[in-house]
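Pasted below: coords.pdb, PDB, C-alpha atoms.
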ATOM      1  CA  MET A1256      91.335 124.146 102.221
ATOM      2  CA  ILE A1257      94.034 121.540 102.877
ATOM      3  CA  THR A1258      95.778 122.343  99.600
ATOM      4  CA  THR A1259      96.029 125.990 100.636
ATOM      5  CA  ILE A1260      97.635 124.989 103.920
ATOM      6  CA  ILE A1261     100.123 122.730 102.120
ATOM      7  CA  TYR A1262     100.903 125.507  99.631
ATOM      8  CA  ILE A1263     101.535 128.056 102.388
ATOM      9  CA  ALA A1264     103.695 125.557 104.308
ATOM     10  CA  GLY A1265     105.735 125.016 101.126
ATOM     11  CA  ILE A1266     106.294 128.734 100.752
ATOM     12  CA  VAL A1267     107.364 129.053 104.387
ATOM     13  CA  ALA A1268     109.756 126.103 104.012
ATOM     14  CA  ALA A1269     111.272 127.578 100.841
ATOM     15  CA  VAL A1270     111.772 130.996 102.445
ATOM     16  CA  TRP A1271     113.366 129.382 105.502
ATOM     17  CA  CYS A1272     115.771 127.435 103.257
ATOM     18  CA  VAL A1273     116.737 130.520 101.268
ATOM     19  CA  LEU A1274     117.426 132.482 104.455
ATOM     20  CA  ASP A1275     119.467 129.588 105.819
ATOM     21  CA  ILE A1276     121.454 129.350 102.578
ATOM     22  CA  PHE A1277     122.361 133.049 102.617
ATOM     23  CA  LYS A1278     123.310 132.868 106.301
ATOM     24  CA  HIS A1279     126.336 130.651 105.592
ATOM     25  CA  ASP A1280     129.579 132.458 104.798
ATOM     26  CA  LYS A1281     131.423 129.419 103.397
ATOM     27  CA  LEU A1282     129.392 129.289 100.187
ATOM     28  CA  GLU A1283     130.248 131.307  97.104
ATOM     29  CA  PRO A1284     127.623 133.889  96.073
ATOM     30  CA  LEU A1285     126.895 132.157  92.756
ATOM     31  CA  TYR A1286     126.339 128.825  94.522
ATOM     32  CA  LYS A1287     123.991 130.553  96.996
ATOM     33  CA  VAL A1288     121.923 132.031  94.182
ATOM     34  CA  LEU A1289     121.735 128.780  92.206
ATOM     35  CA  LEU A1290     120.828 126.738  95.273
ATOM     36  CA  SER A1291     118.168 129.268  96.254
ATOM     37  CA  ILE A1292     116.623 129.185  92.782
ATOM     38  CA  ALA A1293     116.556 125.385  92.875
ATOM     39  CA  VAL A1294     114.876 125.330  96.290
ATOM     40  CA  VAL A1295     112.226 127.840  95.240
ATOM     41  CA  ALA A1296     111.630 126.203  91.851
ATOM     42  CA  PHE A1297     111.213 122.685  93.198
ATOM     43  CA  SER A1298     109.465 123.701  96.438
ATOM     44  CA  TRP A1299     108.971 120.560  98.555
ATOM     45  CA  VAL A1300     111.532 118.429  96.733
ATOM     46  CA  GLY A1301     114.101 121.238  96.938
ATOM     47  CA  PHE A1302     113.362 121.700 100.619
ATOM     48  CA  LEU A1303     113.774 117.996 101.377
ATOM     49  CA  VAL A1304     117.005 117.689  99.401
ATOM     50  CA  TYR A1305     118.462 120.774 101.067
ATOM     51  CA  TYR A1306     117.388 119.841 104.572
ATOM     52  CA  PHE A1307     118.378 116.177 104.555
ATOM     53  CA  LEU A1308     121.379 116.134 102.189
ATOM     54  CA  LEU A1309     123.012 119.532 101.866
ATOM     55  CA  ARG A1310     122.432 121.256 105.193
ATOM     56  CA  GLN A1311     124.852 119.044 107.129
ATOM     57  CA  LYS A1312     127.590 119.457 104.509
ATOM     58  CA  ILE A1313     127.556 123.252 104.576
TER      59      ILE A1313
END

Represent the structure of the file as structure tokens.
Amino acid sequence: MITTIIYIAGIVAAVWCVLDIFKHDKLEPLYKVLLSIAVVAFSWVGFLVYYFLLRQKI
């Protein structure tokens, strides 16, 4: 039960990150795609790296 909740929360976090990445106009399209793939592929780690390291720089 708890693993399902964690899994769904990871999916929601990844989707939120991808939407936030594509919202920014400063990024090049290729960089957006590569960053989105990395966030989805590495789920929680990708979310944490994006949120705490990359989000402020964009």

Taking the file as shown, what set of residues would the PyMOL selection byres ((chain A and resi 1309) around 12) give back, as an MDAnalysis selection string?
chainID A and resid 1272 1275:1276 1282 1290 1294 1301:1308 1310:1313

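Between atom CA of Ile1257 of chain A and atom CA of Trp1299 of chain A lies a distance of 15.6 Å.
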
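Atom to atom, atom CA of Val1295 of chain A and atom CA of Val1273 of chain A stand 8.0 Å apart.
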
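The space separating atom CA of Ile1292 of chain A from atom CA of Ala1269 of chain A comes to 9.8 Å.
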
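When only C-alpha atoms are used to compute distances to Ala1268 of chain A, the closest of the residues A:Ser1298, A:Tyr1286, A:Lys1281, A:Ser1291 turns out to be A:Ser1298.
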
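Restricting the calculation to all atoms listed in the file, the smallest distance between Val1300 of chain A and any of A:Val1288, A:Met1256, A:Gly1265, A:Phe1277 is found for A:Gly1265.
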
Please enclose the listed atoms of segment 1304-1313 of chain A in an axis-aligned box, pad each side by 8 Å, and write out the centre and the three edge lengths in Å, rounded to one decimal, as AutoDock Vina command-line options.
--center_x 122.3 --center_y 119.7 --center_z 103.3 --size_x 26.6 --size_y 23.1 --size_z 23.7

My structure is short of atoms at segment 1259-1295 of chain A; please model N, CA and C atoms there, returning them as an mmCIF file, in the coordinates of the input.
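Once written, out-v4.cif looks like this:
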data_model
loop_
_atom_site.group_PDB
_atom_site.id
_atom_site.type_symbol
_atom_site.label_atom_id
_atom_site.label_comp_id
_atom_site.auth_asym_id
_atom_site.auth_seq_id
_atom_site.Cartn_x
_atom_site.Cartn_y
_atom_site.Cartn_z
ATOM 1 N N THR A 1259 95.545 124.651 100.315
ATOM 2 C CA THR A 1259 96.029 125.990 100.636
ATOM 3 C C THR A 1259 97.024 125.940 101.791
ATOM 4 N N ILE A 1260 96.728 125.131 102.780
ATOM 5 C CA ILE A 1260 97.635 124.989 103.920
ATOM 6 C C ILE A 1260 98.954 124.376 103.479
ATOM 7 N N ILE A 1261 98.908 123.366 102.630
ATOM 8 C CA ILE A 1261 100.123 122.730 102.120
ATOM 9 C C ILE A 1261 100.923 123.713 101.268
ATOM 10 N N TYR A 1262 100.249 124.501 100.467
ATOM 11 C CA TYR A 1262 100.903 125.507 99.631
ATOM 12 C C TYR A 1262 101.614 126.558 100.485
ATOM 13 N N ILE A 1263 100.940 127.054 101.510
ATOM 14 C CA ILE A 1263 101.535 128.056 102.388
ATOM 15 C C ILE A 1263 102.707 127.461 103.161
ATOM 16 N N ALA A 1264 102.590 126.220 103.612
ATOM 17 C CA ALA A 1264 103.695 125.557 104.308
ATOM 18 C C ALA A 1264 104.894 125.397 103.376
ATOM 19 N N GLY A 1265 104.656 125.115 102.106
ATOM 20 C CA GLY A 1265 105.735 125.016 101.126
ATOM 21 C C GLY A 1265 106.446 126.340 100.915
ATOM 22 N N ILE A 1266 105.694 127.406 100.895
ATOM 23 C CA ILE A 1266 106.294 128.734 100.752
ATOM 24 C C ILE A 1266 107.135 129.078 101.979
ATOM 25 N N VAL A 1267 106.617 128.784 103.156
ATOM 26 C CA VAL A 1267 107.364 129.053 104.387
ATOM 27 C C VAL A 1267 108.646 128.234 104.424
ATOM 28 N N ALA A 1268 108.568 126.958 104.030
ATOM 29 C CA ALA A 1268 109.756 126.103 104.012
ATOM 30 C C ALA A 1268 110.789 126.621 103.015
ATOM 31 N N ALA A 1269 110.347 127.061 101.849
ATOM 32 C CA ALA A 1269 111.272 127.578 100.841
ATOM 33 C C ALA A 1269 111.947 128.860 101.321
ATOM 34 N N VAL A 1270 111.200 129.746 101.932
ATOM 35 C CA VAL A 1270 111.772 130.996 102.445
ATOM 36 C C VAL A 1270 112.770 130.693 103.554
ATOM 37 N N TRP A 1271 112.439 129.754 104.432
ATOM 38 C CA TRP A 1271 113.366 129.382 105.502
ATOM 39 C C TRP A 1271 114.665 128.836 104.925
ATOM 40 N N CYS A 1272 114.572 127.991 103.892
ATOM 41 C CA CYS A 1272 115.771 127.435 103.257
ATOM 42 C C CYS A 1272 116.623 128.531 102.620
ATOM 43 N N VAL A 1273 115.995 129.445 101.926
ATOM 44 C CA VAL A 1273 116.737 130.520 101.268
ATOM 45 C C VAL A 1273 117.450 131.383 102.312
ATOM 46 N N LEU A 1274 116.781 131.704 103.394
ATOM 47 C CA LEU A 1274 117.426 132.482 104.455
ATOM 48 C C LEU A 1274 118.578 131.708 105.078
ATOM 49 N N ASP A 1275 118.408 130.419 105.254
ATOM 50 C CA ASP A 1275 119.467 129.588 105.819
ATOM 51 C C ASP A 1275 120.650 129.478 104.861
ATOM 52 N N ILE A 1276 120.386 129.410 103.578
ATOM 53 C CA ILE A 1276 121.454 129.350 102.578
ATOM 54 C C ILE A 1276 122.285 130.629 102.606
ATOM 55 N N PHE A 1277 121.630 131.779 102.651
ATOM 56 C CA PHE A 1277 122.361 133.049 102.617
ATOM 57 C C PHE A 1277 123.029 133.377 103.948
ATOM 58 N N LYS A 1278 122.690 132.651 105.001
ATOM 59 C CA LYS A 1278 123.310 132.868 106.301
ATOM 60 C C LYS A 1278 124.735 132.316 106.359
ATOM 61 N N HIS A 1279 125.021 131.292 105.560
ATOM 62 C CA HIS A 1279 126.336 130.651 105.592
ATOM 63 C C HIS A 1279 127.359 131.470 104.818
ATOM 64 N N ASP A 1280 128.521 131.668 105.426
ATOM 65 C CA ASP A 1280 129.579 132.458 104.798
ATOM 66 C C ASP A 1280 130.520 131.606 103.942
ATOM 67 N N LYS A 1281 130.508 130.297 104.125
ATOM 68 C CA LYS A 1281 131.423 129.419 103.397
ATOM 69 C C LYS A 1281 131.079 129.303 101.913
ATOM 70 N N LEU A 1282 129.830 129.488 101.567
ATOM 71 C CA LEU A 1282 129.392 129.289 100.187
ATOM 72 C C LEU A 1282 129.722 130.504 99.322
ATOM 73 N N GLU A 1283 130.028 130.231 98.072
ATOM 74 C CA GLU A 1283 130.248 131.307 97.104
ATOM 75 C C GLU A 1283 128.901 131.933 96.741
ATOM 76 N N PRO A 1284 128.884 133.217 96.403
ATOM 77 C CA PRO A 1284 127.623 133.889 96.073
ATOM 78 C C PRO A 1284 126.867 133.235 94.916
ATOM 79 N N LEU A 1285 127.574 132.798 93.886
ATOM 80 C CA LEU A 1285 126.895 132.157 92.756
ATOM 81 C C LEU A 1285 126.228 130.856 93.193
ATOM 82 N N TYR A 1286 126.904 130.075 94.018
ATOM 83 C CA TYR A 1286 126.339 128.825 94.522
ATOM 84 C C TYR A 1286 125.106 129.103 95.389
ATOM 85 N N LYS A 1287 125.143 130.182 96.174
ATOM 86 C CA LYS A 1287 123.991 130.553 96.996
ATOM 87 C C LYS A 1287 122.783 130.867 96.121
ATOM 88 N N VAL A 1288 123.024 131.642 95.066
ATOM 89 C CA VAL A 1288 121.923 132.031 94.182
ATOM 90 C C VAL A 1288 121.345 130.815 93.463
ATOM 91 N N LEU A 1289 122.218 129.964 92.923
ATOM 92 C CA LEU A 1289 121.735 128.780 92.206
ATOM 93 C C LEU A 1289 120.993 127.825 93.121
ATOM 94 N N LEU A 1290 121.495 127.617 94.320
ATOM 95 C CA LEU A 1290 120.828 126.738 95.273
ATOM 96 C C LEU A 1290 119.487 127.324 95.704
ATOM 97 N N SER A 1291 119.428 128.620 95.877
ATOM 98 C CA SER A 1291 118.168 129.268 96.254
ATOM 99 C C SER A 1291 117.127 129.147 95.152
ATOM 100 N N ILE A 1292 117.551 129.325 93.913
ATOM 101 C CA ILE A 1292 116.623 129.185 92.782
ATOM 102 C C ILE A 1292 116.103 127.757 92.704
ATOM 103 N N ALA A 1293 116.979 126.788 92.915
ATOM 104 C CA ALA A 1293 116.556 125.385 92.875
ATOM 105 C C ALA A 1293 115.557 125.076 93.986
ATOM 106 N N VAL A 1294 115.797 125.583 95.173
ATOM 107 C CA VAL A 1294 114.876 125.330 96.290
ATOM 108 C C VAL A 1294 113.513 125.954 96.014
ATOM 109 N N VAL A 1295 113.497 127.172 95.517
ATOM 110 C CA VAL A 1295 112.226 127.840 95.240
ATOM 111 C C VAL A 1295 111.506 127.178 94.059
#
